[in-house]
file target-v8.tsv (TSV, C-alpha atoms)
chain	number	residue	atom	x	y	z
A	145	MET	CA	-120.17	-129.40	-57.69
A	146	THR	CA	-117.80	-129.98	-60.57
A	147	SER	CA	-118.96	-129.78	-64.13
A	148	PRO	CA	-121.75	-132.29	-64.70
A	149	ALA	CA	-120.74	-132.34	-68.37
A	150	HIS	CA	-117.49	-133.96	-67.29
A	151	ARG	CA	-119.19	-136.32	-64.88
A	152	ALA	CA	-121.56	-137.53	-67.57
A	153	ALA	CA	-118.79	-137.89	-70.10
A	154	ALA	CA	-116.77	-139.98	-67.68
A	155	SER	CA	-119.59	-142.38	-66.95
A	156	PRO	CA	-120.46	-145.55	-68.82
A	157	MET	CA	-122.91	-144.89	-71.61
A	158	THR	CA	-125.82	-146.95	-70.34
A	159	GLY	CA	-125.58	-146.10	-66.65
A	160	ARG	CA	-126.80	-142.95	-65.02
A	161	PRO	CA	-123.97	-140.59	-64.10
A	162	GLU	CA	-125.49	-140.15	-60.66
A	163	PRO	CA	-128.97	-139.79	-59.19
A	164	ALA	CA	-130.63	-137.12	-61.28
A	165	GLY	CA	-131.60	-133.86	-59.66
A	166	LEU	CA	-135.15	-133.76	-58.37
A	167	ALA	CA	-135.95	-130.80	-60.61
A	168	ASP	CA	-134.91	-132.72	-63.70
A	169	VAL	CA	-136.89	-135.81	-62.66
A	170	LEU	CA	-140.04	-133.83	-61.88
A	171	GLU	CA	-139.72	-131.81	-65.04
A	172	ARG	CA	-139.87	-135.04	-66.99
A	173	VAL	CA	-142.41	-137.10	-65.09
A	174	LEU	CA	-144.84	-134.21	-64.60
A	175	ASP	CA	-144.41	-132.26	-67.79
A	176	LYS	CA	-143.12	-134.55	-70.46
A	177	GLY	CA	-144.14	-138.20	-70.49
A	178	MET	CA	-146.93	-139.20	-72.83
A	179	VAL	CA	-150.42	-138.32	-71.67
A	180	ILE	CA	-153.13	-140.92	-72.03
A	181	ALA	CA	-156.37	-140.28	-70.27
A	182	GLY	CA	-156.64	-142.23	-67.04
A	183	ASP	CA	-159.74	-142.86	-64.94
A	184	ILE	CA	-158.25	-140.80	-62.16
A	185	ARG	CA	-157.73	-137.34	-63.52
A	186	ILE	CA	-155.17	-134.80	-62.61
A	187	ASN	CA	-156.29	-131.64	-64.28
A	188	LEU	CA	-153.66	-130.29	-66.69
A	189	LEU	CA	-154.06	-126.93	-65.03
A	190	ASP	CA	-153.14	-128.50	-61.70
A	191	ILE	CA	-150.02	-129.99	-63.25
A	192	GLU	CA	-149.07	-126.63	-64.72
A	193	LEU	CA	-149.44	-124.87	-61.38
A	194	LEU	CA	-147.67	-127.65	-59.58
A	195	THR	CA	-144.76	-127.52	-61.99
A	196	ILE	CA	-144.36	-123.78	-61.72
A	197	LYS	CA	-144.54	-123.90	-57.97
A	198	ILE	CA	-142.07	-126.73	-57.74
A	199	ARG	CA	-139.61	-124.98	-60.00
A	200	LEU	CA	-139.51	-122.12	-57.54
A	201	LEU	CA	-139.55	-124.31	-54.52
A	202	ILE	CA	-137.04	-127.07	-54.99
A	203	ALA	CA	-133.97	-124.90	-54.72
A	204	SER	CA	-134.69	-124.26	-51.08
A	205	VAL	CA	-136.67	-127.31	-50.08
A	206	ASP	CA	-133.97	-129.09	-48.13
A	207	LYS	CA	-133.39	-126.03	-46.07
A	208	ALA	CA	-137.13	-125.58	-45.65
A	209	ARG	CA	-137.48	-129.16	-44.45
A	210	GLU	CA	-134.69	-128.75	-41.96
A	211	MET	CA	-136.59	-125.82	-40.59
A	212	GLY	CA	-139.84	-127.78	-40.51
A	213	ILE	CA	-141.52	-125.50	-43.01
A	214	ASP	CA	-144.29	-127.13	-45.00
A	215	TRP	CA	-146.17	-124.15	-46.38
A	216	TRP	CA	-146.55	-125.72	-49.82
A	217	GLU	CA	-148.83	-128.31	-48.31
A	218	HIS	CA	-151.32	-125.65	-47.44
A	219	ASP	CA	-150.73	-123.20	-50.25
A	220	PRO	CA	-154.08	-122.44	-51.90
A	221	THR	CA	-152.51	-121.62	-55.27
A	222	LEU	CA	-151.81	-125.31	-55.74
A	223	SER	CA	-155.46	-126.23	-55.52
A	224	VAL	CA	-157.46	-123.24	-56.69
A	225	GLY	CA	-159.94	-123.82	-59.45
A	226	GLU	CA	-159.87	-122.27	-62.88
A	227	ARG	CA	-162.41	-119.61	-62.03
A	228	ASP	CA	-160.42	-118.35	-59.06
A	229	LEU	CA	-157.33	-118.16	-61.20
A	230	ALA	CA	-159.07	-116.12	-63.85
A	231	ALA	CA	-160.37	-113.73	-61.22
A	232	GLU	CA	-156.94	-113.44	-59.65
A	233	ASN	CA	-155.46	-112.84	-63.06
A	234	ARG	CA	-157.87	-109.97	-63.74
A	235	GLN	CA	-157.11	-108.42	-60.38
A	236	LEU	CA	-153.38	-108.59	-60.99
A	237	ARG	CA	-153.69	-107.04	-64.44
A	238	THR	CA	-155.67	-104.17	-63.02
A	239	ARG	CA	-153.11	-103.63	-60.31
A	240	ILE	CA	-150.21	-103.70	-62.73
A	241	ALA	CA	-151.89	-101.19	-65.02
A	242	GLU	CA	-152.49	-98.93	-62.06
A	243	LEU	CA	-148.91	-99.23	-60.83
A	244	GLU	CA	-147.58	-98.53	-64.31
A	245	ARG	CA	-149.67	-95.38	-64.54
A	246	ARG	CA	-148.51	-94.20	-61.16
A	247	SER	CA	-144.83	-94.90	-61.66
A	248	ASN	CA	-144.61	-93.68	-65.22
A	249	GLY	CA	-143.25	-90.25	-64.41
A	250	SER	CA	-140.92	-91.24	-61.60
A	251	ALA	CA	-139.33	-94.40	-63.06
A	252	GLN	CA	-136.34	-92.68	-64.59
A	253	LEU	CA	-135.60	-90.70	-61.47
A	254	ASN	CA	-135.74	-93.87	-59.44
A	255	GLY	CA	-133.42	-95.53	-61.92
A	256	ALA	CA	-130.93	-92.70	-61.46
A	257	ALA	CA	-131.09	-93.01	-57.69
A	258	GLU	CA	-130.45	-96.75	-57.84
A	259	ARG	CA	-127.52	-96.26	-60.13
A	260	GLU	CA	-125.97	-93.80	-57.76
A	261	GLU	CA	-126.49	-96.11	-54.82
A	262	SER	CA	-124.98	-99.13	-56.54
A	263	ARG	CA	-121.76	-97.25	-57.13
A	264	GLU	CA	-121.17	-96.59	-53.45
B	86	MET	CA	-166.09	-147.26	-55.61
B	87	SER	CA	-165.01	-149.62	-52.87
B	88	ARG	CA	-161.99	-150.91	-54.75
B	89	ALA	CA	-158.94	-151.32	-52.55
B	90	SER	CA	-156.43	-150.89	-55.34
B	91	LEU	CA	-156.08	-149.11	-58.66
B	92	THR	CA	-153.93	-149.80	-61.73
B	93	TYR	CA	-150.99	-147.42	-62.12
B	94	LEU	CA	-149.26	-147.21	-65.53
B	95	TYR	CA	-145.55	-146.37	-65.78
B	96	GLY	CA	-144.88	-146.70	-69.46
B	97	LEU	CA	-145.51	-148.64	-72.64
B	98	THR	CA	-143.11	-151.11	-74.15
B	99	ARG	CA	-143.11	-154.07	-76.51
B	100	ALA	CA	-145.33	-156.95	-75.43
B	101	THR	CA	-142.34	-159.27	-75.79
B	102	ALA	CA	-140.13	-157.25	-73.41
B	103	ALA	CA	-139.12	-158.72	-70.09
B	104	LEU	CA	-140.39	-157.01	-66.95
B	105	PRO	CA	-137.57	-155.11	-65.29
B	106	ASP	CA	-136.33	-156.33	-61.95
B	107	GLU	CA	-137.60	-153.30	-60.03
B	108	PRO	CA	-140.29	-152.90	-57.42
B	109	GLY	CA	-143.18	-150.58	-58.24
B	110	ILE	CA	-144.52	-147.77	-56.08
B	111	GLY	CA	-144.92	-148.92	-52.48
B	112	GLU	CA	-142.84	-152.04	-53.21
B	113	ARG	CA	-145.72	-153.61	-55.16
B	114	PRO	CA	-144.57	-155.96	-57.93
B	115	LEU	CA	-144.68	-154.85	-61.55
B	116	ARG	CA	-147.01	-156.57	-63.99
B	117	MET	CA	-147.45	-156.33	-67.75
B	118	LEU	CA	-150.77	-155.82	-69.55
B	119	ARG	CA	-150.50	-156.86	-73.19
B	120	LEU	CA	-152.49	-155.62	-76.15
B	121	GLY	CA	-151.26	-156.91	-79.47
B	122	ASN	CA	-147.62	-155.95	-79.75
B	123	VAL	CA	-147.77	-153.32	-77.03
B	124	GLY	CA	-147.26	-153.92	-73.32
B	125	ALA	CA	-148.11	-151.59	-70.47
B	126	VAL	CA	-145.96	-151.85	-67.36
B	127	VAL	CA	-148.26	-151.44	-64.36
B	128	SER	CA	-148.56	-152.11	-60.67
B	129	ASP	CA	-151.35	-151.92	-58.13
B	130	VAL	CA	-151.51	-148.85	-55.96
B	131	PRO	CA	-153.75	-148.39	-52.93
B	132	ALA	CA	-156.93	-146.47	-53.69
B	133	ALA	CA	-156.67	-144.79	-50.31
B	134	GLU	CA	-153.54	-143.05	-51.55
B	135	PHE	CA	-154.18	-142.63	-55.29
B	136	ALA	CA	-157.90	-142.01	-55.74
B	137	GLU	CA	-158.74	-138.60	-57.09
B	138	GLU	CA	-159.10	-136.60	-53.90
B	139	ALA	CA	-156.30	-138.32	-52.02
B	140	LEU	CA	-154.01	-137.85	-54.98
B	141	ARG	CA	-154.72	-134.16	-55.18
B	142	GLY	CA	-153.69	-133.76	-51.58
B	143	HIS	CA	-150.59	-135.90	-51.93
B	144	LEU	CA	-149.34	-134.02	-54.97
B	145	GLU	CA	-148.93	-131.01	-52.74
B	146	ASP	CA	-146.75	-132.95	-50.33
B	147	LEU	CA	-143.29	-132.64	-51.80
B	148	ALA	CA	-141.84	-135.57	-49.85
B	149	TRP	CA	-144.60	-137.85	-51.17
B	150	LEU	CA	-144.23	-136.44	-54.66
B	151	GLU	CA	-140.48	-136.99	-54.68
B	152	ARG	CA	-140.84	-140.59	-53.49
B	153	VAL	CA	-143.43	-141.44	-56.15
B	154	ALA	CA	-141.69	-139.49	-58.92
B	155	ARG	CA	-138.35	-141.18	-58.28
B	156	ARG	CA	-139.93	-144.64	-58.23
B	157	HIS	CA	-141.90	-143.85	-61.40
B	158	ASP	CA	-138.68	-142.72	-63.06
B	159	ALA	CA	-136.71	-145.75	-61.83
B	160	VAL	CA	-139.27	-148.13	-63.36
B	161	VAL	CA	-139.42	-146.18	-66.63
B	162	GLN	CA	-135.62	-146.06	-66.89
B	163	ALA	CA	-135.35	-149.78	-66.18
B	164	CYS	CA	-137.89	-150.54	-68.94
B	165	HIS	CA	-135.93	-148.26	-71.23
B	166	ARG	CA	-132.67	-150.04	-70.49
B	167	ALA	CA	-134.32	-153.44	-71.01
B	168	GLY	CA	-135.57	-152.53	-74.48
B	169	VAL	CA	-137.59	-149.55	-75.58
B	170	ALA	CA	-139.99	-147.60	-73.39
B	171	MET	CA	-142.52	-144.89	-73.95
B	172	PRO	CA	-142.68	-143.04	-70.64
B	173	LEU	CA	-146.10	-142.01	-69.40
B	174	ARG	CA	-146.74	-138.98	-67.26
B	175	LEU	CA	-146.79	-139.39	-63.49
B	176	ALA	CA	-150.07	-140.63	-62.04
B	177	THR	CA	-151.65	-142.24	-65.10
B	178	ILE	CA	-154.17	-144.32	-63.18
B	179	TYR	CA	-157.08	-146.58	-64.10
B	180	VAL	CA	-159.69	-148.08	-61.83
B	181	ASP	CA	-158.72	-151.60	-62.89
B	182	ASP	CA	-156.81	-153.60	-65.50
B	183	ARG	CA	-159.85	-153.93	-67.74
B	184	SER	CA	-160.30	-150.20	-68.00
B	185	ALA	CA	-156.60	-149.71	-68.76
B	186	GLU	CA	-156.70	-152.41	-71.42
B	187	GLN	CA	-159.68	-150.77	-73.07
B	188	ARG	CA	-157.83	-147.50	-73.38
B	189	LEU	CA	-154.67	-149.24	-74.56
B	190	GLY	CA	-156.67	-150.91	-77.31
B	191	ASP	CA	-157.48	-147.45	-78.70
B	192	ILE	CA	-153.86	-146.34	-78.89
B	193	ALA	CA	-151.93	-149.57	-79.45
B	194	GLU	CA	-151.30	-148.94	-83.13
B	195	GLU	CA	-149.97	-145.44	-82.63
B	196	ALA	CA	-147.91	-146.55	-79.65
B	197	GLU	CA	-146.27	-149.23	-81.75
B	198	GLN	CA	-145.16	-146.65	-84.30
B	199	THR	CA	-143.77	-144.46	-81.55
B	200	LEU	CA	-141.87	-147.40	-80.05
B	201	ASP	CA	-140.32	-148.07	-83.48
B	202	ARG	CA	-139.23	-144.43	-83.69
B	203	LEU	CA	-137.71	-144.45	-80.20
B	204	ASP	CA	-136.00	-147.82	-80.46
B	205	GLY	CA	-132.25	-147.68	-79.95
B	206	CYS	CA	-132.28	-144.07	-78.79
B	207	ASP	CA	-131.64	-142.25	-75.51
B	208	GLU	CA	-132.68	-138.80	-74.45
B	209	TRP	CA	-129.94	-136.37	-73.39
B	210	GLY	CA	-130.63	-133.10	-71.63
B	211	VAL	CA	-128.50	-130.04	-72.33
B	212	LYS	CA	-128.72	-126.84	-70.36
B	213	VAL	CA	-126.79	-123.75	-71.31
B	214	PHE	CA	-126.27	-121.06	-68.71
B	215	GLU	CA	-125.07	-117.55	-69.16
B	216	SER	CA	-121.30	-117.64	-69.35
B	217	SER	CA	-119.96	-116.61	-65.95
B	218	GLY	CA	-116.99	-114.59	-67.23
B	219	GLY	CA	-118.27	-113.57	-70.62
B	220	ALA	CA	-121.20	-111.78	-72.10
B	221	ARG	CA	-122.53	-110.06	-69.02
B	222	ALA	CA	-119.26	-108.88	-67.52
B	223	PRO	CA	-119.68	-105.40	-66.07
B	224	VAL	CA	-118.79	-102.67	-68.55
B	225	PRO	CA	-116.08	-100.39	-67.18
B	226	ALA	CA	-117.24	-96.96	-68.27
B	227	ASP	CA	-118.64	-93.71	-66.97
B	228	THR	CA	-117.48	-94.06	-63.42
B	229	ASP	CA	-118.04	-90.37	-62.73
B	230	ALA	CA	-121.50	-89.09	-61.89
B	231	PRO	CA	-123.53	-87.72	-64.79
B	232	THR	CA	-123.34	-83.93	-64.97
B	233	SER	CA	-126.83	-83.39	-66.33
B	234	GLY	CA	-130.16	-85.09	-66.95
B	235	ALA	CA	-129.37	-85.28	-70.66
B	236	GLU	CA	-126.00	-86.85	-69.91
B	237	TYR	CA	-127.67	-89.38	-67.64
B	238	LEU	CA	-130.19	-90.32	-70.31
B	239	ARG	CA	-127.47	-90.68	-72.93
B	240	ARG	CA	-125.51	-93.04	-70.70
B	241	ARG	CA	-128.60	-94.98	-69.75
B	242	GLN	CA	-129.45	-95.50	-73.40
B	243	ALA	CA	-125.91	-96.66	-74.20
B	244	GLU	CA	-125.97	-99.02	-71.26
B	245	MET	CA	-129.28	-100.53	-72.34
B	246	MET	CA	-127.96	-101.05	-75.85
B	247	ARG	CA	-124.87	-102.77	-74.48
B	248	SER	CA	-126.87	-105.10	-72.26
B	249	GLY	CA	-129.33	-105.69	-75.12
B	250	ASP	CA	-126.43	-106.65	-77.37
B	251	ALA	CA	-125.02	-108.91	-74.68
B	252	ALA	CA	-128.36	-110.65	-74.21
B	253	ALA	CA	-128.77	-111.09	-77.96
B	254	ALA	CA	-125.22	-112.42	-78.24
B	255	ALA	CA	-125.79	-114.89	-75.40
B	256	ALA	CA	-129.05	-116.07	-76.98
B	257	ALA	CA	-127.33	-116.51	-80.34
B	258	GLU	CA	-124.56	-118.50	-78.71
B	259	ALA	CA	-127.06	-120.79	-76.97
B	260	GLU	CA	-128.84	-121.24	-80.31
B	261	SER	CA	-125.57	-122.25	-81.98
B	262	VAL	CA	-124.95	-124.85	-79.26
B	263	TYR	CA	-128.45	-126.19	-79.90
B	264	ARG	CA	-127.93	-126.40	-83.65
B	265	ALA	CA	-124.49	-127.98	-83.34
B	266	LEU	CA	-125.79	-130.74	-81.07
B	267	ALA	CA	-128.95	-131.28	-83.12
B	268	GLN	CA	-126.72	-132.52	-85.96
B	269	HIS	CA	-125.99	-135.60	-83.89
B	270	ALA	CA	-129.62	-136.21	-82.90
B	271	VAL	CA	-132.63	-137.73	-84.64
B	272	ASP	CA	-134.95	-135.31	-82.87
B	273	ASP	CA	-134.64	-132.32	-80.60
B	274	VAL	CA	-136.86	-130.06	-78.56
B	275	LYS	CA	-136.46	-126.89	-76.53
B	276	HIS	CA	-138.10	-126.79	-73.14
B	277	ARG	CA	-138.81	-123.76	-71.06
B	278	PRO	CA	-135.65	-122.69	-69.24
B	279	GLN	CA	-135.77	-123.58	-65.55
B	280	ASP	CA	-135.34	-121.19	-62.72
B	281	PRO	CA	-131.53	-121.23	-62.37
B	282	ARG	CA	-131.89	-121.60	-58.60
B	283	LEU	CA	-133.04	-125.19	-59.20
B	284	ALA	CA	-129.52	-125.92	-60.39
B	285	GLY	CA	-128.09	-123.86	-57.56
B	286	ARG	CA	-126.85	-121.16	-59.91
B	287	ARG	CA	-127.08	-117.43	-60.29
B	288	GLU	CA	-126.63	-117.16	-64.04
B	289	ALA	CA	-129.73	-117.23	-66.23
B	290	MET	CA	-130.53	-120.45	-68.08
B	291	LEU	CA	-130.43	-119.64	-71.78
B	292	LEU	CA	-131.32	-123.05	-73.13
B	293	ASN	CA	-133.02	-126.14	-71.72
B	294	ALA	CA	-133.04	-128.64	-74.55
B	295	ALA	CA	-133.53	-132.36	-75.00
B	296	PHE	CA	-132.07	-134.47	-77.78
B	297	LEU	CA	-133.07	-137.91	-78.98
B	298	VAL	CA	-129.79	-139.61	-79.85
B	299	ARG	CA	-129.14	-143.04	-81.31
B	300	ARG	CA	-126.93	-145.09	-79.02
B	301	THR	CA	-124.56	-145.58	-81.93
B	302	ASP	CA	-124.24	-141.77	-82.17
B	303	ALA	CA	-123.99	-141.17	-78.43
B	304	HIS	CA	-120.21	-141.02	-78.45
B	305	ALA	CA	-120.17	-138.34	-81.17
B	306	PHE	CA	-122.95	-136.41	-79.43
B	307	ARG	CA	-121.12	-136.38	-76.12
B	308	ALA	CA	-117.81	-135.51	-77.73
B	309	ALA	CA	-119.50	-132.55	-79.43
B	310	ALA	CA	-121.02	-131.44	-76.13
B	311	ALA	CA	-117.66	-131.75	-74.37
B	312	GLU	CA	-115.97	-129.73	-77.11
B	313	LEU	CA	-118.56	-126.95	-76.90
B	314	ALA	CA	-118.15	-126.94	-73.12
B	315	ALA	CA	-114.36	-126.72	-73.48
B	316	GLN	CA	-114.68	-123.75	-75.83
B	317	ARG	CA	-116.53	-121.82	-73.18
B	318	ARG	CA	-113.91	-122.65	-70.57
B	319	ASP	CA	-116.43	-122.79	-67.74
B	320	ASP	CA	-119.30	-124.98	-66.57
B	321	SER	CA	-122.01	-123.14	-68.48
B	322	ILE	CA	-123.02	-126.23	-70.48
B	323	VAL	CA	-124.55	-129.03	-68.44
B	324	LEU	CA	-125.30	-132.44	-69.89
B	325	THR	CA	-127.68	-134.91	-68.22
B	326	GLY	CA	-128.58	-138.42	-69.25
B	327	PRO	CA	-129.04	-140.87	-70.70
B	328	TRP	CA	-132.75	-140.56	-69.98
B	329	ALA	CA	-135.67	-142.61	-71.16
B	330	PRO	CA	-137.19	-140.62	-74.06
B	331	TYR	CA	-139.64	-138.60	-71.95
B	332	SER	CA	-139.54	-135.56	-74.19
B	333	PHE	CA	-140.20	-137.56	-77.37
B	334	ALA	CA	-142.92	-139.93	-76.22
B	335	GLY	CA	-145.68	-137.93	-77.87
B	336	THR	CA	-148.51	-135.85	-76.48
B	337	ALA	CA	-152.12	-136.56	-75.68
B	338	VAL	CA	-153.72	-139.41	-77.54
call {"tool": "encode", "arguments": {"input": "target-v8.tsv", "output": "structure tokens"}}
result
Amino acid sequence: MTSPAHRAAASPMTGRPEPAGLADVLERVLDKGMVIAGDIRINLLDIELLTIKIRLLIASVDKAREMGIDWWEHDPTLSVGERDLAAENRQLRTRIAELERRSNGSAQLNGAAEREESRE
Amino acid sequence: MSRASLTYLYGLTRATAALPDEPGIGERPLRMLRLGNVGAVVSDVPAAEFAEEALRGHLEDLAWLERVARRHDAVVQACHRAGVAMPLRLATIYVDDRSAEQRLGDIAEEAEQTLDRLDGCDEWGVKVFESSGGARAPVPADTDAPTSGAEYLRRRQAEMMRSGDAAAAAAAEAESVYRALAQHAVDDVKHRPQDPRLAGRREAMLLNAAFLVRRTDAHAFRAAAAELAAQRRDDSIVLTGPWAPYSFAGTAV
């Protein structure tokens, strides 16, 4: 991959430099275009989850496909309802608070150990 | 609910615009619904694939999503090149033309104003990544082991201040790129930075911006972007476009 800035600059103004990356296309068609209410509704929350998931996913999707992995098709976080999310959110907050309490005293020691290791 | 097909909207344009020579999703032909001065570019899509429940399932199938998203984008871009287009979000679907026309009637006036604002402009995307050789270069210091806990803490504090400074400096630099390019644009917006892995990179994305640029100013805009990129002597500024004005089409109506 050479600099896309140069590719774009070298291309005619009205044409596309090259097929846009899937991430850039999805970012626009899912997140950006104007929203007018349709009869068939995709919940905005679904779009939000989908976008986040896709952002994390696309980088490795070709490789995943080669390997026949299709876990995103069955991933429940893409289709959970609002209530489940809220519950999950609460659970996670509680866990984080607990972990923070537990690790409070030992964090700096751990930091020192990591620093030493990374120098090796 | 026994309809075999639904009406899928790609974008809004002027009622006088010609339909682009592109197939719609699933190779179905494009049609134009007209309301006053505003036209909606639509095609039929099979209900079996795009009704609410089926759609929900398909959105989780990345191969399906890519196919539909790329076709949606191709139609929107073609409308944009043919005149002026207001892109709609993926999967804006009505049960039939009549229902779509009813909704369009409600927003036609506002849409016309937006089309006037967007006319003659392209969207350009600019991403700024952390400079590969610059701000976050490892600091050569304190290579010996700390001799005491206090010494360790002192070093740790100094290190955090250095990396804090570096992060602040990088953010300020990205901001100056944004401001410099905004001078050549009629509108601009910052989006959430993407996960850098999407671009196949390790450096953090500092800025993910979109600019609405008049075609007559496009040369100056791109020259400015190229100059900023040259100053950084690496590929940390990435320009994409020209896009249809997705980021400036307005929000919910």
call {"tool": "closest_residue", "arguments": {"input": "target-v8.tsv", "among": "B:Phe214, B:Val180, B:Pro108, B:Trp328", "to": "B:Gly285", "atoms": "all atoms listed in the file"}}
result
B:Phe214
call {"tool": "closest_residue", "arguments": {"input": "target-v8.tsv", "among": "B:Leu150, B:Ala314, B:Ala259, B:Val271", "to": "B:Ala294", "atoms": "all atoms listed in the file"}}
result
B:Ala259
call {"tool": "interface_residues", "arguments": {"input": "target-v8.tsv", "of": "chain B", "to": "chain A", "cutoff": "7 Å", "atoms": "all atoms listed in the file", "output": "ChimeraX atom specification"}}
result
/B:136-137,145-146,154,172-175,177-180,279-280,282-283,285,307,311,320,322-327,331-332,334-338
call {"tool": "residues_around", "arguments": {"input": "target-v8.tsv", "residues": "B:Leu104", "least_positions_apart": "3", "cutoff": "12 Å", "atoms": "only C-alpha atoms", "output": "JSON, numbers by chain"}}
result
{"B": [95, 96, 97, 98, 99, 100, 101, 107, 108, 109, 114, 115, 116, 117, 118, 119, 124, 125, 126, 127, 128, 160, 161, 162, 163, 164, 165, 166, 167, 168, 169, 170]}
call {"tool": "residues_around", "arguments": {"input": "target-v8.tsv", "residues": "B:Trp149", "least_positions_apart": "5", "cutoff": "12 Å", "atoms": "all atoms listed in the file", "output": "ChimeraX atom specification"}}
result
/A:217 /B:110-111,134-135,139-144,154-156
call {"tool": "atom_distance", "arguments": {"input": "target-v8.tsv", "atom1": "atom CA of B:Arg300", "atom2": "atom CA of B:Asp207"}}
result
6.5 Å
call {"tool": "atom_distance", "arguments": {"input": "target-v8.tsv", "atom1": "atom CA of B:Arg183", "atom2": "atom CA of B:Arg113"}}
result
18.9 Å
call {"tool": "closest_residue", "arguments": {"input": "target-v8.tsv", "among": "B:Val123, B:Gly205, B:Ala102, B:Ala270", "to": "B:Asp191", "atoms": "all atoms listed in the file"}}
result
B:Val123
call {"tool": "atom_distance", "arguments": {"input": "target-v8.tsv", "atom1": "atom CA of B:Gly234", "atom2": "atom CA of A:Arg246"}}
result
21.3 Å
call {"tool": "residues_around", "arguments": {"input": "target-v8.tsv", "residues": "B:Phe333", "least_positions_apart": "4", "cutoff": "9 Å", "atoms": "all atoms listed in the file", "output": "PyMOL selection string"}}
result
(chain A and resi 176-178) or (chain B and resi 171+199+203+208+272-274+295-297)
call {"tool": "write_last_selection", "arguments": {"input": "target-v8.tsv", "atoms": "C-alpha atoms", "output": "PDB file, in the frame of the given file"}}
result
ATOM      1  CA  LYS A 176    -143.120-134.550 -70.460  1.00  0.00           C
ATOM      2  CA  GLY A 177    -144.140-138.200 -70.490  1.00  0.00           C
ATOM      3  CA  MET A 178    -146.930-139.200 -72.830  1.00  0.00           C
TER       4      MET A 178
ATOM      5  CA  MET B 171    -142.520-144.890 -73.950  1.00  0.00           C
ATOM      6  CA  THR B 199    -143.770-144.460 -81.550  1.00  0.00           C
ATOM      7  CA  LEU B 203    -137.710-144.450 -80.200  1.00  0.00           C
ATOM      8  CA  GLU B 208    -132.680-138.800 -74.450  1.00  0.00           C
ATOM      9  CA  ASP B 272    -134.950-135.310 -82.870  1.00  0.00           C
ATOM     10  CA  ASP B 273    -134.640-132.320 -80.600  1.00  0.00           C
ATOM     11  CA  VAL B 274    -136.860-130.060 -78.560  1.00  0.00           C
ATOM     12  CA  ALA B 295    -133.530-132.360 -75.000  1.00  0.00           C
ATOM     13  CA  PHE B 296    -132.070-134.470 -77.780  1.00  0.00           C
ATOM     14  CA  LEU B 297    -133.070-137.910 -78.980  1.00  0.00           C
TER      15      LEU B 297
END
call {"tool": "closest_residue", "arguments": {"input": "target-v8.tsv", "among": "B:Ala176, B:Arg88, B:Ser261, B:Ala254", "to": "B:Ala133", "atoms": "only C-alpha atoms"}}
result
B:Arg88
